[in-house]
There are 2 protein chains.
Amino acid sequence: MPDQPVPDGHTAVPVLEHLDEAECLSLIAPGGIGRIAYTGRYDLTVLPVNYKLHDGAIYFRTAEESPTVQDLRTGIDDADYRVAFEVDDFDHATREGWSVLIQGPAYHLDDEAERADAQAIGLEAWPGGERDHFIRISPLRVSGRRIRRAR
Amino acid sequence: MPDQPVPDGHTAVPVLEHLDEAECLSLIAPGGIGRIAYTGRYDLTVLPVNYKLHDGAIYFRTAEESPTVQDLRTGIDDADYRVAFEVDDFDHATREGWSVLIQGPAYHLDDEAERADAQAIGLEAWPGGERDHFIRISPLRVSGRRIRRAR
């Protein structure tokens, strides 16, 4: 076949691939912005937070008295709400990218020792203010997919 | 006060603002990637789709037989599942950005005339393939927030 000009994202054939857990965790390892989804007082809610991946779990911080924290407290010891956490990265020019979905319980780091460990991973909350409440999502299910363009 | 060098995103004081509905709709008007959240067979699920805003509603397309479509069908006429749809844009360098959350019913455009109207808005599904199923989310609640840095 003769050399063809490389097709742009609009014409190349898209391929949708499913990613395994190791690929997913590798893609989200750098941290950054992810979105936590949960059912709260305002129905199904999705909010971006900046996160870090540490020891295979998602960590983010928020304000102690925030609606998110209140919505995520079951009020029962050792019972956590199950949430979803999504991270993605798409290139609008090529229309390629990937997304990862983590599902698992949202655990509140209420213990001082746990909180100190979480502080040590150097997680800052971009909105600033008093955001000293740490939440950890331990993945029960990890799934992901990638769109790439056949060249 | 003497002139100071402009602080970078890490040192400038972050300000969190709530956005009104008009600002939110204006921010998401260009379309692009958003994330639909719903409770499906695999629990709470968040998936990116490319969308357009048309007549104040979110439109996206997917495959007729996809798990998403099946999960979003109540099986009851005139009854739609309520979903959440999130769009955001953050600048990692300045740590500024915004997010918008739309909540409302996910309506399936099963009628040929509705489908023709939706085709006319020129919505393509990035993953390609047979994605001839259109879904419209009519906002019942629109909320948003912006992080900016005081200079």
# chains A, B, ... in the order shown; residues from 1 in each chain; ligands from 1

call {"tool": "residues_around", "arguments": {"residues": "Thr45 in chain B", "least_positions_apart": "5", "cutoff": "9 Å", "atoms": "only C-alpha atoms", "output": "PyMOL selection string"}}
result
(chain A and resi 37+83-86+101-103) or (chain B and resi 36-40)

call {"tool": "closest_atom_pairs", "arguments": {"of": "chain A", "to": "chain B", "cutoff": "6 Å", "atoms": "only C-alpha atoms", "output": "CSV"}}
result
residue,atom,partner,partner_atom,distance
A:Pro14,CA,B:Pro127,CA,5.6
A:Leu44,CA,B:Ala84,CA,5.9
A:Ala84,CA,B:Leu44,CA,5.9
A:Pro127,CA,B:Pro14,CA,5.6
A:Gly128,CA,B:Pro14,CA,5.7

call {"tool": "atom_distance", "arguments": {"atom1": "CA of Glu64 in chain B", "atom2": "CA of Tyr81 in chain B"}}
result
16.8 Å

call {"tool": "atom_distance", "arguments": {"atom1": "CA of His133 in chain B", "atom2": "CA of Ala150 in chain A"}}
result
23.8 Å

call {"tool": "closest_residue", "arguments": {"among": "B:Ile58, B:Leu123, B:Ala93, B:Ala113", "to": "Ile137 in chain B", "atoms": "only C-alpha atoms"}}
result
B:Ile58

call {"tool": "select_by_dssp", "arguments": {"residues": "range 13-127 of chain B", "states": "strand (DSSP E)", "output": "PyMOL selection string"}}
result
chain B and resi 14-19+32-40+43-54+57-62+82-91+96-108

call {"tool": "residues_around", "arguments": {"residues": "Arg41 in chain A", "least_positions_apart": "6", "cutoff": "12 Å", "atoms": "only C-alpha atoms", "output": "list in words"}}
result
Pro67, Thr68, Val69, Gln70, Asp71, Leu72 and Arg73 of chain A

call {"tool": "write_last_selection", "arguments": {"atoms": "N, CA and C atoms", "output": "mmCIF file, in the first residue's frame"}}
result
data_model
loop_
_atom_site.group_PDB
_atom_site.id
_atom_site.type_symbol
_atom_site.label_atom_id
_atom_site.label_comp_id
_atom_site.auth_asym_id
_atom_site.auth_seq_id
_atom_site.Cartn_x
_atom_site.Cartn_y
_atom_site.Cartn_z
ATOM 1 N N PRO A 67 -20.668 19.842 52.776
ATOM 2 C CA PRO A 67 -21.787 18.948 52.468
ATOM 3 C C PRO A 67 -21.304 17.583 51.986
ATOM 4 N N THR A 68 -20.176 17.570 51.241
ATOM 5 C CA THR A 68 -19.654 16.293 50.743
ATOM 6 C C THR A 68 -19.322 15.359 51.906
ATOM 7 N N VAL A 69 -18.618 15.883 52.894
ATOM 8 C CA VAL A 69 -18.241 15.038 54.033
ATOM 9 C C VAL A 69 -19.485 14.570 54.773
ATOM 10 N N GLN A 70 -20.420 15.480 54.972
ATOM 11 C CA GLN A 70 -21.642 15.090 55.690
ATOM 12 C C GLN A 70 -22.409 14.027 54.901
ATOM 13 N N ASP A 71 -22.482 14.201 53.586
ATOM 14 C CA ASP A 71 -23.201 13.222 52.763
ATOM 15 C C ASP A 71 -22.505 11.866 52.759
ATOM 16 N N LEU A 72 -21.190 11.879 52.961
ATOM 17 C CA LEU A 72 -20.437 10.625 52.876
ATOM 18 C C LEU A 72 -20.284 9.924 54.223
ATOM 19 N N ARG A 73 -20.901 10.488 55.263
ATOM 20 C CA ARG A 73 -20.842 9.827 56.565
ATOM 21 C C ARG A 73 -22.112 9.021 56.783
#

call {"tool": "closest_residue", "arguments": {"among": "B:Ile28, B:Leu140, B:Ala106, B:Leu53", "to": "Asp78 in chain B", "atoms": "only C-alpha atoms"}}
result
B:Ala106

call {"tool": "atom_distance", "arguments": {"atom1": "CA of Thr62 in chain B", "atom2": "CA of Ala22 in chain A"}}
result
26.8 Å

call {"tool": "select_by_dssp", "arguments": {"residues": "chain A", "states": "alpha helix (DSSP H)", "output": "JSON, numbers by chain"}}
result
{"A": [21, 22, 23, 24, 25, 26, 27, 28, 67, 68, 69, 70, 71, 112, 113, 114, 115, 116, 117, 118, 119, 120]}
